[in-house]
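*Asks:* If it helps, the file is called coords24.cif and holds mmCIF, C-alpha atoms:
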data_coords
loop_
_atom_site.label_atom_id
_atom_site.label_comp_id
_atom_site.auth_asym_id
_atom_site.auth_seq_id
_atom_site.Cartn_x
_atom_site.Cartn_y
_atom_site.Cartn_z
CA MET R 1043 12.10 39.85 -4.16
CA THR R 1044 8.68 39.29 -5.58
CA SER R 1045 6.30 42.18 -5.45
CA GLN R 1046 3.07 41.86 -3.51
CA ASN R 1047 1.42 43.03 -6.70
CA SER R 1048 2.56 39.96 -8.60
CA PRO R 1049 -0.28 38.53 -10.65
CA LEU R 1050 0.37 35.23 -8.89
CA THR R 1051 -0.43 36.73 -5.52
CA ARG R 1052 -3.49 35.07 -4.06
CA PRO R 1053 -5.47 37.03 -1.47
CA LEU R 1054 -5.49 35.53 2.01
CA ALA R 1055 -8.64 33.51 2.55
CA ASP R 1056 -11.05 34.54 5.29
CA PRO R 1057 -10.91 31.79 7.97
CA GLU R 1058 -14.70 31.62 8.32
CA ALA R 1059 -15.09 31.35 4.54
CA VAL R 1060 -12.61 28.46 4.56
CA VAL R 1061 -14.63 26.77 7.30
CA ALA R 1062 -17.85 27.18 5.29
CA GLU R 1063 -16.26 25.93 2.08
CA LEU R 1064 -14.75 22.89 3.82
CA LEU R 1065 -18.07 21.99 5.45
CA THR R 1066 -19.68 22.05 2.00
CA PHE R 1067 -16.86 19.95 0.52
CA LEU R 1068 -17.20 17.39 3.31
CA GLU R 1069 -20.97 17.27 2.91
CA GLU R 1070 -20.61 16.63 -0.82
CA GLN R 1071 -17.99 13.94 -0.32
CA THR R 1072 -19.60 12.09 2.57
CA ARG R 1073 -23.29 12.94 2.11
CA SER R 1074 -23.40 13.91 5.81
CA LEU R 1075 -23.54 17.18 7.72
CA TRP R 1076 -20.48 18.20 9.78
CA GLU R 1077 -19.59 20.63 12.54
CA PRO R 1078 -16.36 22.66 12.46
CA GLU R 1079 -15.06 21.10 15.69
CA THR R 1080 -15.90 17.45 15.00
CA ASP R 1081 -12.91 15.09 14.95
CA LEU R 1082 -13.51 13.59 11.51
CA TYR R 1083 -11.73 10.32 12.25
CA ARG R 1084 -12.17 9.64 15.97
CA ASP R 1085 -15.79 10.82 16.22
CA GLY R 1086 -16.87 11.13 12.60
CA GLY R 1087 -15.90 7.63 11.54
CA LEU R 1088 -14.08 8.75 8.40
CA SER R 1089 -11.14 6.66 7.26
CA SER R 1090 -7.80 8.32 7.86
CA LEU R 1091 -7.12 7.57 4.16
CA PHE R 1092 -9.74 10.26 3.42
CA ALA R 1093 -7.36 12.81 4.95
CA MET R 1094 -5.25 12.62 1.80
CA GLN R 1095 -8.22 13.84 -0.24
CA LEU R 1096 -8.46 16.78 2.13
CA VAL R 1097 -4.76 17.55 1.68
CA VAL R 1098 -5.14 17.60 -2.11
CA HIS R 1099 -8.32 19.66 -1.90
CA LEU R 1100 -6.72 22.30 0.35
CA GLU R 1101 -3.64 22.56 -1.85
CA LYS R 1102 -5.69 23.02 -5.02
CA SER R 1103 -8.27 25.37 -3.53
CA TYR R 1104 -5.96 27.68 -1.60
CA GLY R 1105 -2.70 27.58 -3.54
CA ILE R 1106 -0.68 26.16 -0.68
CA ALA R 1107 1.87 23.35 -0.48
CA ILE R 1108 1.56 21.17 2.60
CA ARG R 1109 4.91 19.58 3.35
CA GLY R 1110 7.26 18.45 6.08
CA ALA R 1111 5.99 18.67 9.63
CA ASP R 1112 2.69 20.21 8.47
CA LEU R 1113 1.81 16.96 6.71
CA ARG R 1114 0.44 15.14 9.74
CA LEU R 1115 -3.02 13.86 10.50
CA ASP R 1116 -3.53 16.10 13.53
CA ASN R 1117 -3.68 19.14 11.23
CA PHE R 1118 -6.65 17.60 9.40
CA ARG R 1119 -8.71 16.35 12.33
CA THR R 1120 -11.30 19.13 12.28
CA VAL R 1121 -12.49 21.72 9.81
CA ARG R 1122 -11.36 24.46 12.23
CA LEU R 1123 -7.81 23.04 12.35
CA MET R 1124 -7.67 22.84 8.56
CA SER R 1125 -8.81 26.45 8.27
CA ALA R 1126 -6.06 27.47 10.69
CA LEU R 1127 -3.49 25.56 8.62
CA VAL R 1128 -4.62 27.29 5.43
CA GLY R 1129 -4.32 30.68 7.14
CA ARG R 1130 -0.87 29.92 8.50
CA LEU R 1131 0.53 28.61 5.21
CA GLN R 1132 -0.98 31.41 3.15
CA GLN R 1133 0.44 33.96 5.59
CA ALA R 1134 3.88 32.30 5.44
CA GLN R 1135 3.79 32.44 1.66
CA ALA R 1136 2.76 36.11 1.73
CA ASP R 1137 5.58 36.89 4.22
CA GLY R 1138 8.00 35.06 1.94
CA ARG R 1139 6.90 37.20 -0.98
CA ASP R 1140 7.32 40.34 1.07
CA GLY R 1141 10.83 39.10 1.68
CA MET B 198 30.75 -23.83 15.51
CA THR B 199 30.05 -20.18 15.02
CA THR B 200 27.36 -19.12 12.62
CA VAL B 201 28.06 -15.79 11.03
CA LEU B 202 24.86 -14.05 10.09
CA PRO B 203 25.07 -11.43 7.38
CA TYR B 204 24.29 -7.89 8.51
CA ALA B 205 24.35 -8.94 12.18
CA THR B 206 26.95 -6.30 13.01
CA ALA B 207 26.78 -2.94 14.74
CA ASN B 208 27.24 -1.18 11.39
CA PRO B 209 25.13 -3.00 8.87
CA PRO B 210 25.80 -2.21 5.24
CA THR B 211 23.30 -0.04 3.46
CA HIS B 212 20.45 -1.93 1.92
CA THR B 213 19.86 -1.37 -1.78
CA LEU B 214 16.70 -2.91 -3.11
CA ALA B 215 15.58 -4.02 -6.52
CA VAL B 216 11.80 -4.41 -6.72
CA LEU B 217 10.40 -6.31 -9.70
CA GLY B 218 6.86 -5.39 -10.74
CA ALA B 219 5.27 -1.93 -10.54
CA GLY B 220 1.75 -3.06 -9.66
CA VAL B 221 -0.04 -2.33 -6.41
CA MET B 222 2.32 -4.33 -4.21
CA GLY B 223 5.51 -3.30 -6.02
CA VAL B 224 4.52 0.33 -5.57
CA GLY B 225 3.60 -0.21 -1.93
CA ILE B 226 6.82 -2.05 -1.06
CA THR B 227 8.86 0.58 -2.91
CA THR B 228 7.09 3.33 -0.96
CA LEU B 229 7.84 1.54 2.31
CA ALA B 230 11.53 1.18 1.46
CA LEU B 231 12.01 4.72 0.13
CA GLY B 232 10.22 6.15 3.16
CA HIS B 233 12.72 4.37 5.39
CA GLY B 234 15.63 5.88 3.48
CA LEU B 235 16.52 2.86 1.34
CA PRO B 236 17.33 3.33 -2.35
CA VAL B 237 15.17 1.28 -4.71
CA HIS B 238 15.45 0.30 -8.35
CA LEU B 239 11.95 -0.53 -9.58
CA VAL B 240 11.65 -2.74 -12.66
CA ASP B 241 8.66 -3.39 -14.89
CA VAL B 242 8.30 -4.51 -18.51
CA ASP B 243 5.85 -1.66 -19.16
CA GLN B 244 7.35 1.84 -19.36
CA GLU B 245 3.95 3.50 -18.97
CA ARG B 246 3.23 1.53 -15.84
CA LEU B 247 6.59 2.68 -14.47
CA ALA B 248 5.65 6.31 -15.16
CA ARG B 249 2.34 5.85 -13.35
CA ALA B 250 4.17 4.07 -10.53
CA ARG B 251 6.45 7.08 -10.02
CA GLU B 252 3.43 9.33 -9.58
CA ARG B 253 1.71 6.83 -7.33
CA ILE B 254 4.81 6.39 -5.16
CA ALA B 255 5.09 10.17 -4.68
CA GLU B 256 1.45 10.24 -3.57
CA GLU B 257 1.84 7.23 -1.31
CA LEU B 258 4.94 8.68 0.34
CA ARG B 259 2.86 11.74 1.22
CA LEU B 260 0.06 9.55 2.53
CA ALA B 261 2.50 7.52 4.61
CA GLN B 262 3.95 10.70 6.07
CA LEU B 263 0.50 12.14 6.74
CA LEU B 264 -0.46 9.04 8.68
CA GLY B 265 2.78 9.03 10.69
CA ALA B 266 3.95 5.78 9.10
CA LEU B 267 7.49 6.92 8.27
CA PRO B 268 10.43 7.42 10.62
CA PRO B 269 10.98 11.10 11.46
CA ASP B 270 14.04 12.92 10.14
CA THR B 271 14.66 10.35 7.43
CA GLU B 272 15.28 11.53 3.90
CA PRO B 273 13.49 9.32 1.36
CA GLY B 274 15.75 6.93 -0.51
CA GLU B 275 16.51 7.47 -4.17
CA LEU B 276 14.15 5.90 -6.70
CA SER B 277 15.31 4.70 -10.08
CA THR B 278 13.17 2.80 -12.56
CA GLY B 279 13.74 0.81 -15.71
CA THR B 280 12.61 -2.07 -17.87
CA SER B 281 15.80 -4.13 -17.48
CA THR B 282 16.57 -6.42 -14.55
CA ALA B 283 20.33 -5.83 -15.05
CA PRO B 284 20.62 -3.20 -12.24
CA ALA B 285 19.41 -5.88 -9.81
CA ALA B 286 23.01 -7.16 -9.93
CA ARG B 287 23.96 -4.31 -7.57
CA ALA B 288 21.13 -4.92 -5.11
CA THR B 289 21.60 -6.28 -1.60
CA ALA B 290 18.14 -7.84 -1.87
CA VAL B 291 15.66 -8.40 -4.69
CA ILE B 292 11.92 -8.39 -4.06
CA GLU B 293 9.84 -9.93 -6.82
CA ALA B 294 6.28 -8.57 -6.73
CA ILE B 295 4.90 -9.38 -10.16
CA THR B 296 1.46 -10.80 -10.85
CA GLU B 297 0.30 -13.86 -8.91
CA ASN B 298 1.20 -16.45 -11.54
CA ALA B 299 3.65 -19.23 -10.66
CA GLU B 300 5.01 -19.64 -14.22
CA LEU B 301 5.72 -15.94 -14.65
CA LYS B 302 7.25 -15.67 -11.20
CA ALA B 303 9.52 -18.65 -11.90
CA LYS B 304 10.65 -17.10 -15.19
CA VAL B 305 11.46 -13.71 -13.64
CA LEU B 306 13.17 -15.23 -10.61
CA ALA B 307 15.31 -17.47 -12.83
CA GLU B 308 16.41 -14.45 -14.85
CA VAL B 309 17.31 -12.35 -11.84
CA SER B 310 19.00 -15.17 -9.93
CA ALA B 311 21.51 -15.46 -12.78
CA LEU B 312 22.40 -11.77 -12.28
CA VAL B 313 22.74 -11.26 -8.54
CA ARG B 314 25.80 -11.91 -6.44
CA PRO B 315 25.75 -15.15 -4.42
CA GLY B 316 24.45 -14.36 -0.96
CA THR B 317 21.84 -11.90 -2.18
CA PRO B 318 18.44 -12.92 -0.86
CA LEU B 319 15.75 -13.31 -3.51
CA ILE B 320 12.36 -12.53 -2.04
CA THR B 321 9.17 -13.59 -3.76
CA ASN B 322 6.23 -11.57 -2.55
CA THR B 323 3.14 -13.70 -2.91
CA SER B 324 -0.18 -14.15 -1.22
CA SER B 325 -0.46 -17.86 -1.90
CA ILE B 326 2.10 -19.56 -4.20
CA PRO B 327 4.32 -21.96 -2.21
CA VAL B 328 7.96 -20.83 -2.19
CA ASP B 329 9.24 -24.31 -3.00
CA GLU B 330 7.35 -24.33 -6.31
CA LEU B 331 9.60 -21.45 -7.36
CA ALA B 332 12.83 -22.60 -5.71
CA GLY B 333 13.63 -25.00 -8.56
CA ALA B 334 13.78 -22.09 -10.99
CA VAL B 335 16.57 -20.17 -9.22
CA GLU B 336 20.29 -20.88 -9.24
CA ARG B 337 20.61 -21.06 -5.45
CA PRO B 338 17.32 -22.28 -3.89
CA ALA B 339 18.70 -21.65 -0.39
CA GLU B 340 18.58 -17.91 -1.12
CA LEU B 341 14.86 -17.80 -1.97
CA VAL B 342 12.50 -16.58 0.77
CA GLY B 343 8.80 -15.76 0.61
CA THR B 344 7.12 -12.68 1.99
CA HIS B 345 3.50 -11.75 2.07
CA PHE B 346 3.26 -8.02 2.68
CA MET B 347 -0.24 -6.76 3.26
CA ASN B 348 -1.55 -3.76 1.33
CA PRO B 349 -0.50 -1.04 1.99
CA PRO B 350 2.82 -2.35 3.34
CA TYR B 351 3.81 0.98 4.90
CA LEU B 352 0.69 1.04 7.10
CA ILE B 353 0.67 -2.61 8.19
CA ARG B 354 3.47 -3.31 10.60
CA THR B 355 3.47 -7.11 10.42
CA ALA B 356 4.60 -9.15 7.42
CA GLU B 357 4.25 -12.88 6.91
CA VAL B 358 7.62 -14.44 6.03
CA ILE B 359 7.69 -17.90 4.47
CA ARG B 360 10.61 -20.24 4.83
CA GLY B 361 10.65 -22.82 2.07
CA PRO B 362 12.03 -26.30 2.75
CA ARG B 363 15.21 -25.38 0.86
CA THR B 364 15.63 -21.85 2.28
CA GLY B 365 18.90 -21.40 4.20
CA ASP B 366 19.66 -19.65 7.49
CA PRO B 367 21.74 -16.82 5.91
CA ALA B 368 18.85 -15.83 3.62
CA MET B 369 16.42 -15.88 6.54
CA ALA B 370 18.80 -13.70 8.56
CA ALA B 371 19.22 -11.27 5.67
CA VAL B 372 15.47 -10.92 5.24
CA ALA B 373 15.02 -10.43 8.99
CA ALA B 374 17.60 -7.62 8.89
CA LEU B 375 15.91 -6.01 5.91
CA LEU B 376 12.49 -6.12 7.57
CA ALA B 377 14.00 -4.67 10.74
CA ALA B 378 15.39 -1.77 8.68
CA LEU B 379 11.85 -1.30 7.35
CA ARG B 380 10.48 -1.47 10.92
CA ARG B 381 8.24 -4.43 10.05
CA GLU B 382 7.57 -7.25 12.45
CA ALA B 383 8.26 -10.55 10.70
CA VAL B 384 6.24 -13.62 11.57
CA VAL B 385 7.94 -16.67 10.05
CA VAL B 386 5.79 -19.58 8.91
CA ARG B 387 6.33 -22.78 6.94
CA ASP B 388 5.60 -23.23 3.27
CA ALA B 389 2.07 -24.21 2.18
CA PRO B 390 -0.51 -22.92 -0.32
CA GLY B 391 -1.73 -19.59 1.07
CA PHE B 392 0.59 -19.96 4.11
CA VAL B 393 -1.46 -18.67 7.08
CA THR B 394 -3.15 -15.36 6.28
CA SER B 395 -4.46 -16.17 2.78
CA ARG B 396 -5.38 -19.75 3.69
CA ILE B 397 -7.69 -18.34 6.36
CA LEU B 398 -8.71 -14.94 4.96
CA HIS B 399 -9.34 -15.65 1.29
CA PRO B 400 -11.91 -18.45 1.69
CA MET B 401 -13.57 -16.24 4.33
CA ILE B 402 -13.81 -13.34 1.86
CA ASN B 403 -15.16 -15.78 -0.73
CA ASP B 404 -17.87 -16.78 1.77
CA ALA B 405 -18.65 -13.13 2.47
CA ALA B 406 -19.08 -12.53 -1.27
CA ARG B 407 -21.29 -15.62 -1.52
CA VAL B 408 -23.51 -14.23 1.25
CA VAL B 409 -24.01 -11.10 -0.88
CA GLU B 410 -24.50 -13.19 -4.04
CA GLN B 411 -27.24 -15.21 -2.37
CA GLY B 412 -29.02 -12.03 -1.29
CA THR B 413 -28.68 -12.63 2.45
CA ALA B 414 -27.20 -9.18 2.98
CA THR B 415 -25.64 -6.25 1.14
CA ALA B 416 -21.87 -5.72 1.07
CA GLU B 417 -22.40 -2.77 3.42
CA ALA B 418 -24.28 -4.97 5.89
CA VAL B 419 -21.69 -7.78 5.77
CA ASP B 420 -18.86 -5.33 6.47
CA ALA B 421 -20.86 -3.50 9.16
CA LEU B 422 -21.53 -6.77 10.99
CA LEU B 423 -17.97 -8.04 10.79
CA GLN B 424 -16.69 -4.63 11.92
CA GLY B 425 -19.25 -3.90 14.60
CA CYS B 426 -19.74 -7.38 16.05
CA LEU B 427 -16.43 -9.09 15.41
CA GLY B 428 -13.95 -6.23 15.51
CA HIS B 429 -12.68 -6.62 11.94
CA PRO B 430 -10.94 -3.31 11.09
CA THR B 431 -12.68 -2.72 7.74
CA GLY B 432 -14.95 -5.69 7.02
CA PRO B 433 -13.93 -8.52 4.64
CA LEU B 434 -15.34 -6.99 1.47
CA ARG B 435 -13.57 -3.66 1.95
CA THR B 436 -10.43 -5.72 2.55
CA ALA B 437 -11.15 -7.54 -0.73
CA ASP B 438 -11.46 -4.20 -2.51
CA LEU B 439 -8.09 -3.18 -1.09
CA ILE B 440 -6.43 -6.46 -2.12
CA GLY B 441 -7.85 -6.12 -5.65
CA LEU B 442 -10.58 -8.55 -6.73
CA ASP B 443 -8.50 -9.84 -9.67
CA ASN B 444 -5.62 -10.65 -7.32
CA LEU B 445 -8.04 -12.27 -4.91
CA VAL B 446 -9.51 -14.49 -7.64
CA ASP B 447 -5.99 -15.48 -8.79
CA SER B 448 -5.10 -16.36 -5.22
CA LEU B 449 -8.30 -18.37 -4.69
CA TRP B 450 -7.57 -20.41 -7.83
CA VAL B 451 -4.02 -21.08 -6.56
CA LEU B 452 -5.50 -22.31 -3.29
CA HIS B 453 -8.24 -24.35 -4.99
CA GLU B 454 -5.83 -26.06 -7.39
CA ARG B 455 -3.40 -26.96 -4.63
CA THR B 456 -5.73 -27.88 -1.76
CA GLY B 457 -8.86 -29.15 -3.51
CA ASP B 458 -10.89 -27.11 -1.02
CA GLU B 459 -14.17 -26.21 -2.76
CA GLY B 460 -14.50 -23.24 -0.39
CA CYS B 461 -11.63 -21.72 -2.35
CA ARG B 462 -13.38 -21.88 -5.73
CA PRO B 463 -14.10 -18.19 -6.50
CA CYS B 464 -17.85 -17.53 -6.28
CA GLU B 465 -19.76 -16.20 -9.29
CA LEU B 466 -20.17 -12.69 -7.85
CA LEU B 467 -16.39 -12.30 -7.50
CA LEU B 468 -15.83 -13.57 -11.03
CA SER B 469 -18.49 -11.28 -12.50
CA LEU B 470 -17.09 -8.19 -10.75
CA VAL B 471 -13.67 -8.98 -12.22
CA ARG B 472 -15.19 -9.48 -15.70
CA GLU B 473 -16.85 -6.06 -15.39
CA GLY B 474 -13.52 -4.46 -14.47
CA ARG B 475 -14.73 -3.66 -10.98
CA LEU B 476 -11.47 -4.64 -9.30
CA GLY B 477 -11.84 -2.76 -6.02
CA ARG B 478 -10.20 0.41 -4.79
CA LYS B 479 -7.63 0.56 -7.61
CA SER B 480 -10.34 0.72 -10.32
CA GLY B 481 -12.70 3.00 -8.38
CA SER B 482 -15.28 0.36 -7.48
CA GLY B 483 -15.66 -3.24 -6.40
CA PHE B 484 -17.98 -4.31 -3.60
CA HIS B 485 -17.98 -0.62 -2.65
CA ASP B 486 -17.70 2.59 -4.64
CA TYR B 487 -14.58 4.78 -4.22
CA ARG B 488 -15.26 7.48 -6.81
#
Rewrite the structure from the file as structure tokens, please.
*Replies:*
Amino acid sequence: MTSQNSPLTRPLADPEAVVAELLTFLEEQTRSLWEPETDLYRDGGLSSLFAMQLVVHLEKSYGIAIRGADLRLDNFRTVRLMSALVGRLQQAQADGRDG
Amino acid sequence: MTTVLPYATANPPTHTLAVLGAGVMGVGITTLALGHGLPVHLVDVDQERLARARERIAEELRLAQLLGALPPDTEPGELSTGTSTAPAARATAVIEAITENAELKAKVLAEVSALVRPGTPLITNTSSIPVDELAGAVERPAELVGTHFMNPPYLIRTAEVIRGPRTGDPAMAAVAALLAALRREAVVVRDAPGFVTSRILHPMINDAARVVEQGTATAEAVDALLQGCLGHPTGPLRTADLIGLDNLVDSLWVLHERTGDEGCRPCELLLSLVREGRLGRKSGSGFHDYR
């Protein structure tokens, strides 16, 4: 069992802070302004290939590993959905550490 | 007379692929096969390129999964790599995907055809070199088939399959079975320089580049018009960037040399981008910027 006080423990990110950070990331990458609920591909015109950049960004920024059934485009359609995914995976990792 | 087609049984044997060449297409085809559960041995003369290919394949498998391009509940096949073609002797099919150069392809195909068991289809993946130009180099010309996978092969469901004049029915059946296992739709065409897709698309891309070269429009405008008005999925110049401008120039020269069509002579803008190392998506920029 790993202690919650492990130095590797990363605090759970605040969902609204994740939303704000992702909006900034998207703005930097696309040079456009985005809303949290906009479907980035259907309505925003982004290439679905861009979703892979988002996967890598989320993994690096929030210390999560996105695998298996979580690795599907529908989880990366909107900033709000991505924030929810981060929260869920961080929580699962924290639960795993609690054992 | 009954014709027995290999693999046309209820329990087809497992496919084991050898892929020759760890460039863009070798990596893409390997990703497609691994993602469908097939084991692949990937061969390249350059050990460093093989190491980069392993990383790239891991990334592309994730991308393919993300975009729903892989069958669910399928464990990826096992990947092995090496600089020797010897393990191709155990393959049920060999896919040659080295650089678009007829002499090099003939040399590699000759080497591997001496290793494989009779009945093993040899597949040359090419965008424009006629299959029959290579058939003389292999031990059993009836076993040589052409494919032209589009990039990335795991996202594009249709593949052009080229039957050379000497290609036999068993090899065609074996390739059809392999493509079915990879869930690709095969469209079979006859042998000619550029076959169908490159013969039509590559001169068109060359024209699109010439329009930019002559200052009629920017690359962005050309792609926006072809997308918005004509329904092209990305625009021809983004397609060129995905193909790789060096590969495109090679292919245009193949077409020009074999057809005499001046529309296939690569325009100066294409040649200058290649000289500058702006090869498209794989180098970070081409007609468009990807950095």
*Asks:* How would you write, as a PDB file with C-alpha atoms, in the coordinates of the input, the residues chosen by the PyMOL selection byres ((chain B) within 8 of (chain R)) on this structure?
*Replies:*
ATOM      1  CA  ARG B 259       2.860  11.740   1.220  1.00  0.00           C
ATOM      2  CA  LEU B 260       0.060   9.550   2.530  1.00  0.00           C
ATOM      3  CA  GLN B 262       3.950  10.700   6.070  1.00  0.00           C
ATOM      4  CA  LEU B 263       0.500  12.140   6.740  1.00  0.00           C
ATOM      5  CA  LEU B 264      -0.460   9.040   8.680  1.00  0.00           C
ATOM      6  CA  GLY B 265       2.780   9.030  10.690  1.00  0.00           C
TER       7      GLY B 265
END
*Asks:* Using only C-alpha atoms and a cutoff of 10 Å, can you tell me which residues are near (-7.3, 26.2, 8.3) in the file's coordinates, and write them out as a list in words?
*Replies:*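 Collected hits near the coordinates: Ala1055, Asp1056, Pro1057, Glu1058, Val1060, Val1061, Leu1064, Leu1100, Asn1117, Phe1118, Thr1120, Val1121, Arg1122, Leu1123, Met1124, Ser1125, Ala1126, Leu1127, Val1128, Gly1129, Arg1130, Leu1131 and Gln1132 of chain R.
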*Asks:* Pull the closest atom pair for each residue of range 392-414 of chain B that gets at most 12 Å from range 435-442 of chain B, along with the distance in Å to one decimal, counting all atoms listed in the file, ordering rows by chain and then ascending residue number, as a Markdown table.
*Replies:*
| residue | atom | partner | partner_atom | distance |
| --- | --- | --- | --- | --- |
| B:Ser395 | CA | B:Ile440 | CA | 11.1 |
| B:Leu398 | CA | B:Ala437 | CA | 9.6 |
| B:His399 | CA | B:Ala437 | CA | 8.6 |
| B:Pro400 | CA | B:Ala437 | CA | 11.2 |
| B:Met401 | CA | B:Ala437 | CA | 10.4 |
| B:Ile402 | CA | B:Ala437 | CA | 6.9 |
| B:Asn403 | CA | B:Ala437 | CA | 9.2 |
| B:Asp404 | CA | B:Ala437 | CA | 11.7 |
| B:Ala405 | CA | B:Ala437 | CA | 9.9 |
| B:Ala406 | CA | B:Ala437 | CA | 9.4 |
*Asks:* Any chance you can output those residues with C-alpha atoms as a PDB file, in the frame of the given file?
*Replies:*
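Below you can see result39.pdb, which holds the result:
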ATOM      1  CA  SER B 395      -4.460 -16.170   2.780  1.00  0.00           C
ATOM      2  CA  LEU B 398      -8.710 -14.940   4.960  1.00  0.00           C
ATOM      3  CA  HIS B 399      -9.340 -15.650   1.290  1.00  0.00           C
ATOM      4  CA  PRO B 400     -11.910 -18.450   1.690  1.00  0.00           C
ATOM      5  CA  MET B 401     -13.570 -16.240   4.330  1.00  0.00           C
ATOM      6  CA  ILE B 402     -13.810 -13.340   1.860  1.00  0.00           C
ATOM      7  CA  ASN B 403     -15.160 -15.780  -0.730  1.00  0.00           C
ATOM      8  CA  ASP B 404     -17.870 -16.780   1.770  1.00  0.00           C
ATOM      9  CA  ALA B 405     -18.650 -13.130   2.470  1.00  0.00           C
ATOM     10  CA  ALA B 406     -19.080 -12.530  -1.270  1.00  0.00           C
TER      11      ALA B 406
END
*Asks:* Would you mind reading off the distance between CA of Pro327 in chain B and CA of Val224 in chain B, one decimal, in Å?
*Replies:*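 For CA of Pro327 in chain B relative to CA of Val224 in chain B, the distance reads 22.5 Å.
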*Asks:* Which residues come within 12 Å of Leu449 in chain B, counting all atoms listed in the file, excluding same-chain residues fewer than 3 positions away, as a VMD selection string?
*Replies:* chain B and resid 297 to 298 324 to 326 390 to 391 395 to 404 437 442 to 446 452 to 464 467 to 468
*Asks:* Report the residues retrieved by the PyMOL selection byres ((chain B and resi 364) around 7) from the displayed file, expressed as a VMD selection string.
*Replies:* chain B and resid 338 to 342 360 to 363 365 to 366 368
*Asks:* Can you write just those residues out, C-alpha atoms, as an mmCIF file, keeping the file's coordinate frame?
*Replies:*
data_model
loop_
_atom_site.group_PDB
_atom_site.id
_atom_site.type_symbol
_atom_site.label_atom_id
_atom_site.label_comp_id
_atom_site.auth_asym_id
_atom_site.auth_seq_id
_atom_site.Cartn_x
_atom_site.Cartn_y
_atom_site.Cartn_z
ATOM 1 C CA PRO B 338 17.320 -22.280 -3.890
ATOM 2 C CA ALA B 339 18.700 -21.650 -0.390
ATOM 3 C CA GLU B 340 18.580 -17.910 -1.120
ATOM 4 C CA LEU B 341 14.860 -17.800 -1.970
ATOM 5 C CA VAL B 342 12.500 -16.580 0.770
ATOM 6 C CA ARG B 360 10.610 -20.240 4.830
ATOM 7 C CA GLY B 361 10.650 -22.820 2.070
ATOM 8 C CA PRO B 362 12.030 -26.300 2.750
ATOM 9 C CA ARG B 363 15.210 -25.380 0.860
ATOM 10 C CA GLY B 365 18.900 -21.400 4.200
ATOM 11 C CA ASP B 366 19.660 -19.650 7.490
ATOM 12 C CA ALA B 368 18.850 -15.830 3.620
#
*Asks:* I need the residue nearest Asp1081 in chain R from this list: R:Arg1119, R:Leu1054, R:Gln1135, R:Ala1107. Use all atoms listed in the file for the distance.
*Replies:* R:Arg1119
*Asks:* With the file shown as input, list the residues that the PyMOL selection byres ((chain B and resi 314) around 9) selects, as a PyMOL selection string.
*Replies:* chain B and resi 286-289+310-313+315-317
*Asks:* What separation in Å, quoted to one decimal, exists between CA of Ala255 in chain B and CA of Leu375 in chain B?
*Replies:*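 Interatomic distance, CA of Ala255 in chain B to CA of Leu375 in chain B: 22.2 Å.
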*Asks:* Between B:Thr271, B:Lys479, B:Asp329, B:Asp420, which residue has the minimum interatomic distance to Gly220 in chain B, considering only C-alpha atoms?
*Replies:*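 Closest to Gly220 in chain B, using only C-alpha atoms: B:Lys479.
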*Asks:* Measure the distance from CA of Leu1088 in chain R to CA of Arg478 in chain B in Å and round it to one decimal.
*Replies:*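 Pair CA of Leu1088 in chain R / CA of Arg478 in chain B returns 16.1 Å.
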*Asks:* To box range 402-414 of chain B, take all atoms listed in the file, fit an axis-aligned box, add 8 Å on each side, and give centre and edge lengths in Å to one decimal, as lines of an AutoDock Vina configuration file.
*Replies:*
center_x = -21.4
center_y = -13.0
center_z = -0.5
size_x = 31.2
size_y = 23.6
size_z = 23.0
*Asks:* Which one is closest to Val409 in chain B: B:Phe484, B:Pro350, B:Ser469, B:Val291? Count all atoms listed in the file.
*Replies:* B:Phe484
*Asks:* Applying 8 Å and all atoms listed in the file, which residues near Gly279 in chain B remain after dropping the ones on its own chain fewer than 4 positions away? List them as an mmCIF file with C-alpha atoms, keeping the file's coordinate frame.
*Replies:*
data_model
loop_
_atom_site.group_PDB
_atom_site.id
_atom_site.type_symbol
_atom_site.label_atom_id
_atom_site.label_comp_id
_atom_site.auth_asym_id
_atom_site.auth_seq_id
_atom_site.Cartn_x
_atom_site.Cartn_y
_atom_site.Cartn_z
ATOM 1 C CA HIS B 238 15.450 0.300 -8.350
ATOM 2 C CA LEU B 239 11.950 -0.530 -9.580
ATOM 3 C CA VAL B 240 11.650 -2.740 -12.660
ATOM 4 C CA ASP B 241 8.660 -3.390 -14.890
ATOM 5 C CA GLN B 244 7.350 1.840 -19.360
ATOM 6 C CA LEU B 247 6.590 2.680 -14.470
#
*Asks:* For Ser277 in chain B, list every protein, DNA or RNA residue within 12 Å, evaluated using only C-alpha atoms, and leave out those in the same chain fewer than 5 positions away; present the list as a ChimeraX atom specification.
*Replies:* /B:213-216,227,231,235-241,247-248,250-251,254,284-285
